Amino acid sequence: MKFPIYLDSHSTTPIDPRVLETMLPYFTEKFGNAASRNHAFGWEAEEAVEVARKQIARLIHADPKELVFTSGATESDNLALRGVVEMYREKGDHMITNSTEHRAVLDTAKALESKRGVKVTYLHVDKSGLVSPDDVRHAITDKTILISIMLANNEIGSINPIREIGKIAKEKGILFHCDATQGVGKIPVDVQEMGIDLMSFTAHKMYGPKGVGALYVRKKAPRVRIAPMIDGGGHERGMRSGTLPVPLVVGFGKACELCEQEMTAEARRLAAMRDRLEAGIMNGLDEVYLNGHPTQRLPHNLNVSFAYVEGESLLMGLKEIALSSGSACTSATLEPSYVLRALGVGSDLAHSSIRFGLGRFTTDDEVEYTVKRIIETVTRLREMSPLYEMAKEGVDLKSVQWAAH
Ligand SMILES: *Cc1c(COP(=O)(O)O)cnc(C)c1O
């Protein structure tokens, strides 16, 4: 086994060697600018970009002309929200999103509220982390111009009922944006069937390179128009100016092609591995709680809270395994995860949470080793915890009168 073991696939994934191999010539001899129309270098680059566009479009059942390349999902989310608000401002000033969205959507919505006077409804999720289509329906007003709901959550892996939400949006004639960054390449995504009008995703979460993403922008029924955030040479049909990073785009395309070919088998394999990880942990320890939906979740995701153990302390004791805790990832201040808090997870259990993200290159041995080390480390930390000891002795911790200090 090679250390450290990588189990943080929701943050990023390693590049697939087959993707890298496809990209390399575009860093060297095939260096043309895809916008150079006058010579062979440009034609070669443009052709490579068009091949990638087809590979990406195929994975999400879109037309290649409906893709706008960006620097990643953060930019795609910004472009979708800001672009729609600016373009459709006369139609209304209200948008609907949800409280467990990625910061790229939430922070953009907040900026639109404070700087542009947009009214934003933040829907609550149920205790498994899902948005209710009925809540979406009830939040719609005659001023609503955009609904933005993520496909799968990046912390707990819960998969939202996107089809139902898309249907409501269509019925009411409101644009529907979906941040599908965690889902594309992992579970089937079909923008037609799901009724999605705009969709963000990124290469580096699906074994492609960092620094390139896409925004799907529907071309017909309805034809969606967005105001650009960057003005320049009018690239990407005017929606995102700037010279395309051809090697990255080529890698993004190859990554999508591989996902399309391997997704079904990979999802099955990772779900089985994740289930072994979960069962191993649950069988070896008491007071472990699953966060998120038991079944409607990404196949490679597991998020659990280990009562009486600080997630941060657990990670300190497990330096040879790359994991993410529900405290650290969102801020430098060790606030517990706002996603877990939105599900109603108490502050203690939110601080005790760990996210496991399996990936294409995770092995059975790594999972087995992780189970063993988690059990050892949680047991050791609990042995040092007076609270755990009291709970085991039958003291009801809620009834304890703590001395004021
Ligand atoms: C990672 C992620 C993003 C940001 O993607 P970048 O390409 O790193 O900008 C946005 N939304 C979700 C749900 C993510 O998981």
# chains A, B, ... in the order shown; residues from 1 in each chain; ligands from 1
$ residues_around --residues "A:Ser325" --least-positions-apart "4" --cutoff "7 Å" --atoms "only C-alpha atoms" --output "list in words"
Gly311, Glu312, Cys329, Ser353, Ile354 and Arg355 of chain A
$ residues_near_ligand --ligand "ligand 1" --cutoff "6 Å" --atoms "only C-alpha atoms and all ligand atoms" --output "list in words"
Ser11, Gly72, Ala73, Thr74, His102, Ala104, Asn154, Asp179, Thr181, Gln182 and Thr202 of chain A
$ write_last_selection --atoms "all heavy atoms" --output "compact mmCIF listing (two decimals), in the first residue's frame"
# COMPACT_ATOMS: atom_id res chain seq x y z
N SER A 11 -13.27 16.75 -2.87
CA SER A 11 -12.49 17.99 -3.00
C SER A 11 -11.85 18.08 -4.37
O SER A 11 -11.88 19.12 -5.02
CB SER A 11 -11.36 18.04 -1.97
OG SER A 11 -11.90 18.03 -0.70
N GLY A 72 -13.87 26.70 -14.13
CA GLY A 72 -14.28 25.69 -13.15
C GLY A 72 -15.70 25.97 -12.70
O GLY A 72 -16.35 26.91 -13.17
N ALA A 73 -16.18 25.15 -11.79
CA ALA A 73 -17.58 25.26 -11.39
C ALA A 73 -17.88 26.55 -10.63
O ALA A 73 -19.00 27.06 -10.68
CB ALA A 73 -17.99 24.05 -10.56
N THR A 74 -16.91 27.09 -9.91
CA THR A 74 -17.13 28.35 -9.21
C THR A 74 -17.49 29.44 -10.22
O THR A 74 -18.46 30.19 -10.05
CB THR A 74 -15.88 28.76 -8.40
OG1 THR A 74 -15.60 27.73 -7.45
CG2 THR A 74 -16.09 30.08 -7.67
N HIS A 102 -23.28 24.73 -2.44
CA HIS A 102 -21.86 25.05 -2.33
C HIS A 102 -21.70 26.57 -2.16
O HIS A 102 -22.55 27.34 -2.62
CB HIS A 102 -21.16 24.60 -3.61
CG HIS A 102 -19.67 24.63 -3.56
ND1 HIS A 102 -18.94 25.75 -3.88
CD2 HIS A 102 -18.77 23.67 -3.21
CE1 HIS A 102 -17.65 25.47 -3.75
NE2 HIS A 102 -17.52 24.22 -3.34
N ALA A 104 -19.98 28.54 -3.74
CA ALA A 104 -19.93 29.25 -5.03
C ALA A 104 -21.32 29.77 -5.41
O ALA A 104 -21.43 30.83 -6.03
CB ALA A 104 -19.40 28.32 -6.12
N ASN A 154 -21.93 18.21 -1.83
CA ASN A 154 -20.51 17.88 -1.77
C ASN A 154 -20.06 17.36 -0.40
O ASN A 154 -18.99 16.79 -0.29
CB ASN A 154 -19.68 19.10 -2.17
CG ASN A 154 -20.16 20.37 -1.53
OD1 ASN A 154 -21.28 20.82 -1.78
ND2 ASN A 154 -19.33 20.96 -0.69
N ASP A 179 -26.23 23.13 -10.00
CA ASP A 179 -24.81 22.90 -9.78
C ASP A 179 -24.65 21.37 -9.68
O ASP A 179 -24.97 20.77 -8.65
CB ASP A 179 -24.35 23.59 -8.49
CG ASP A 179 -22.87 23.34 -8.21
OD1 ASP A 179 -22.29 22.44 -8.84
OD2 ASP A 179 -22.30 24.05 -7.35
N THR A 181 -21.84 19.65 -10.11
CA THR A 181 -20.41 19.35 -10.03
C THR A 181 -20.10 17.99 -9.42
O THR A 181 -19.21 17.29 -9.89
CB THR A 181 -19.72 20.44 -9.20
OG1 THR A 181 -20.07 21.70 -9.76
CG2 THR A 181 -18.22 20.29 -9.21
N GLN A 182 -20.82 17.62 -8.37
CA GLN A 182 -20.50 16.34 -7.71
C GLN A 182 -21.12 15.14 -8.42
O GLN A 182 -20.73 14.01 -8.16
CB GLN A 182 -20.97 16.38 -6.25
CG GLN A 182 -20.17 17.32 -5.36
CD GLN A 182 -18.76 16.81 -5.07
OE1 GLN A 182 -18.47 15.63 -5.18
NE2 GLN A 182 -17.88 17.72 -4.71
N THR A 202 -17.30 20.64 -13.41
CA THR A 202 -15.87 20.92 -13.49
C THR A 202 -15.07 19.65 -13.72
O THR A 202 -15.48 18.56 -13.30
CB THR A 202 -15.41 21.64 -12.19
OG1 THR A 202 -14.12 22.19 -12.37
CG2 THR A 202 -15.37 20.70 -11.00
$ closest_residue --among "A:Val224, A:Ile374, A:Ala322, A:Val125" --to "A:Leu285" --atoms "only C-alpha atoms"
A:Ile374
$ closest_atom_pairs --of "stretch 313-375 of chain A" --to "stretch 279-283 of chain A" --cutoff "10 Å" --atoms "only C-alpha atoms" --output "tab-separated table"
residue	atom	partner	partner_atom	distance
A:Val367	CA	A:Gly280	CA	9.3
A:Glu368	CA	A:Gly280	CA	8.1
A:Thr370	CA	A:Ile281	CA	9.1
A:Val371	CA	A:Ile281	CA	5.8
A:Lys372	CA	A:Ile281	CA	8.2
A:Arg373	CA	A:Ile281	CA	9.8
A:Ile374	CA	A:Ile281	CA	7.3
A:Ile375	CA	A:Ile281	CA	6.6
$ select_by_dssp --residues "stretch 108-177 of chain A" --states "helix (DSSP H, G or I)" --output "list in words"
Thr108, Ala109, Lys110, Ala111, Leu112, Glu113, Ser114, Lys115, Arg116, Pro133, Asp134, Asp135, Val136, Arg137, His138, Ala139, Ile162, Arg163, Glu164, Ile165, Gly166, Lys167, Ile168, Ala169, Lys170, Glu171 and Lys172 of chain A
$ select_by_dssp --residues "stretch 329-372 of chain A" --states "strand (DSSP E or B)" --output "list in words"
Ser353, Ile354, Arg355, Phe356 and Gly357 of chain A
$ write_last_selection --atoms "N, CA, C and O atoms" --output "PDB file, in the first residue's frame"
ATOM      1  N   SER A 353     -17.917  15.011  12.700  1.00  0.00           N
ATOM      2  CA  SER A 353     -18.190  14.341  11.428  1.00  0.00           C
ATOM      3  C   SER A 353     -16.952  14.215  10.554  1.00  0.00           C
ATOM      4  O   SER A 353     -16.047  15.054  10.589  1.00  0.00           O
ATOM      5  N   ILE A 354     -16.947  13.149   9.794  1.00  0.00           N
ATOM      6  CA  ILE A 354     -15.877  12.887   8.832  1.00  0.00           C
ATOM      7  C   ILE A 354     -16.512  12.509   7.498  1.00  0.00           C
ATOM      8  O   ILE A 354     -17.469  11.751   7.459  1.00  0.00           O
ATOM      9  N   ARG A 355     -15.953  13.088   6.421  1.00  0.00           N
ATOM     10  CA  ARG A 355     -16.427  12.746   5.081  1.00  0.00           C
ATOM     11  C   ARG A 355     -15.405  11.836   4.406  1.00  0.00           C
ATOM     12  O   ARG A 355     -14.218  12.158   4.354  1.00  0.00           O
ATOM     13  N   PHE A 356     -15.888  10.695   3.917  1.00  0.00           N
ATOM     14  CA  PHE A 356     -15.064   9.766   3.148  1.00  0.00           C
ATOM     15  C   PHE A 356     -15.466   9.901   1.685  1.00  0.00           C
ATOM     16  O   PHE A 356     -16.653   9.844   1.366  1.00  0.00           O
ATOM     17  N   GLY A 357     -14.498  10.084   0.823  1.00  0.00           N
ATOM     18  CA  GLY A 357     -14.790  10.162  -0.609  1.00  0.00           C
ATOM     19  C   GLY A 357     -13.921   9.172  -1.362  1.00  0.00           C
ATOM     20  O   GLY A 357     -12.727   9.401  -1.563  1.00  0.00           O
TER      21      GLY A 357
END
$ closest_residue --among "A:Gly253, A:Asp8, A:Arg163, A:Ser327" --to "A:Val339" --atoms "only C-alpha atoms"
A:Ser327
$ atom_distance --atom1 "atom CA of A:Gly183" --atom2 "atom CA of A:Leu59"
11.4 Å
$ atom_distance --atom1 "atom CA of A:Lys170" --atom2 "atom CA of A:Val120"
19.5 Å
$ closest_residue --among "A:Glu320, A:Asp63, A:Glu236, A:Asp107" --to "A:Lys220" --atoms "only C-alpha atoms"
A:Asp63
$ residues_around --residues "stretch 186-194 of chain A" --least-positions-apart "4" --cutoff "8 Å" --atoms "only C-alpha atoms" --output "list in words"
Leu59, Ile60, His61, Ala62, Ile162, Arg163, Glu164, Gly166, Lys167, Gln182, Met206, Cys259, Met263, Thr264, Ala267, Leu298 and Pro299 of chain A
$ write_last_selection --atoms "N, CA and C atoms" --output "PDB file, in the first residue's frame"
ATOM      1  N   LEU A  59     -22.007  13.185 -22.561  1.00  0.00           N
ATOM      2  CA  LEU A  59     -22.170  12.688 -21.186  1.00  0.00           C
ATOM      3  C   LEU A  59     -23.415  13.260 -20.510  1.00  0.00           C
ATOM      4  N   ILE A  60     -23.793  14.487 -20.873  1.00  0.00           N
ATOM      5  CA  ILE A  60     -24.935  15.129 -20.199  1.00  0.00           C
ATOM      6  C   ILE A  60     -26.146  15.268 -21.126  1.00  0.00           C
ATOM      7  N   HIS A  61     -26.071  14.650 -22.313  1.00  0.00           N
ATOM      8  CA  HIS A  61     -27.184  14.670 -23.276  1.00  0.00           C
ATOM      9  C   HIS A  61     -27.518  16.095 -23.737  1.00  0.00           C
ATOM     10  N   ALA A  62     -26.481  16.852 -24.037  1.00  0.00           N
ATOM     11  CA  ALA A  62     -26.662  18.228 -24.515  1.00  0.00           C
ATOM     12  C   ALA A  62     -26.172  18.310 -25.955  1.00  0.00           C
ATOM     13  N   ILE A 162     -34.061  16.272  -8.796  1.00  0.00           N
ATOM     14  CA  ILE A 162     -33.877  17.310  -9.811  1.00  0.00           C
ATOM     15  C   ILE A 162     -34.963  17.264 -10.895  1.00  0.00           C
ATOM     16  N   ARG A 163     -35.332  16.047 -11.309  1.00  0.00           N
ATOM     17  CA  ARG A 163     -36.358  15.899 -12.335  1.00  0.00           C
ATOM     18  C   ARG A 163     -37.658  16.615 -11.939  1.00  0.00           C
ATOM     19  N   GLU A 164     -38.078  16.386 -10.701  1.00  0.00           N
ATOM     20  CA  GLU A 164     -39.329  16.981 -10.207  1.00  0.00           C
ATOM     21  C   GLU A 164     -39.211  18.505 -10.148  1.00  0.00           C
ATOM     22  N   GLY A 166     -37.188  20.331 -11.938  1.00  0.00           N
ATOM     23  CA  GLY A 166     -37.136  20.789 -13.331  1.00  0.00           C
ATOM     24  C   GLY A 166     -38.525  20.893 -13.942  1.00  0.00           C
ATOM     25  N   LYS A 167     -39.359  19.938 -13.595  1.00  0.00           N
ATOM     26  CA  LYS A 167     -40.728  19.925 -14.117  1.00  0.00           C
ATOM     27  C   LYS A 167     -41.501  21.157 -13.623  1.00  0.00           C
ATOM     28  N   GLN A 182     -20.818  17.617  -8.372  1.00  0.00           N
ATOM     29  CA  GLN A 182     -20.501  16.343  -7.713  1.00  0.00           C
ATOM     30  C   GLN A 182     -21.121  15.143  -8.419  1.00  0.00           C
ATOM     31  N   MET A 206     -13.757  14.897 -11.727  1.00  0.00           N
ATOM     32  CA  MET A 206     -14.032  13.675 -12.492  1.00  0.00           C
ATOM     33  C   MET A 206     -12.792  13.201 -13.240  1.00  0.00           C
ATOM     34  N   CYS A 259     -15.644   8.640 -18.228  1.00  0.00           N
ATOM     35  CA  CYS A 259     -16.766   8.512 -17.274  1.00  0.00           C
ATOM     36  C   CYS A 259     -17.962   7.871 -17.952  1.00  0.00           C
ATOM     37  N   MET A 263     -18.803   4.642 -16.058  1.00  0.00           N
ATOM     38  CA  MET A 263     -19.600   5.099 -14.913  1.00  0.00           C
ATOM     39  C   MET A 263     -20.424   3.990 -14.254  1.00  0.00           C
ATOM     40  N   THR A 264     -21.109   3.194 -15.052  1.00  0.00           N
ATOM     41  CA  THR A 264     -22.016   2.196 -14.485  1.00  0.00           C
ATOM     42  C   THR A 264     -21.233   1.197 -13.625  1.00  0.00           C
ATOM     43  N   ALA A 267     -19.551   2.982 -10.538  1.00  0.00           N
ATOM     44  CA  ALA A 267     -20.493   3.315  -9.467  1.00  0.00           C
ATOM     45  C   ALA A 267     -20.826   2.073  -8.648  1.00  0.00           C
ATOM     46  N   LEU A 298     -24.594   9.758  -3.369  1.00  0.00           N
ATOM     47  CA  LEU A 298     -23.547   9.417  -4.328  1.00  0.00           C
ATOM     48  C   LEU A 298     -22.918   8.079  -3.939  1.00  0.00           C
ATOM     49  N   PRO A 299     -22.579   7.248  -4.933  1.00  0.00           N
ATOM     50  CA  PRO A 299     -22.086   5.899  -4.629  1.00  0.00           C
ATOM     51  C   PRO A 299     -20.757   5.886  -3.872  1.00  0.00           C
TER      52      PRO A 299
END
$ closest_residue --among "A:Lys115, A:Ala57, A:Arg223, A:Asp142" --to "A:Lys91" --atoms "only C-alpha atoms"
A:Asp142
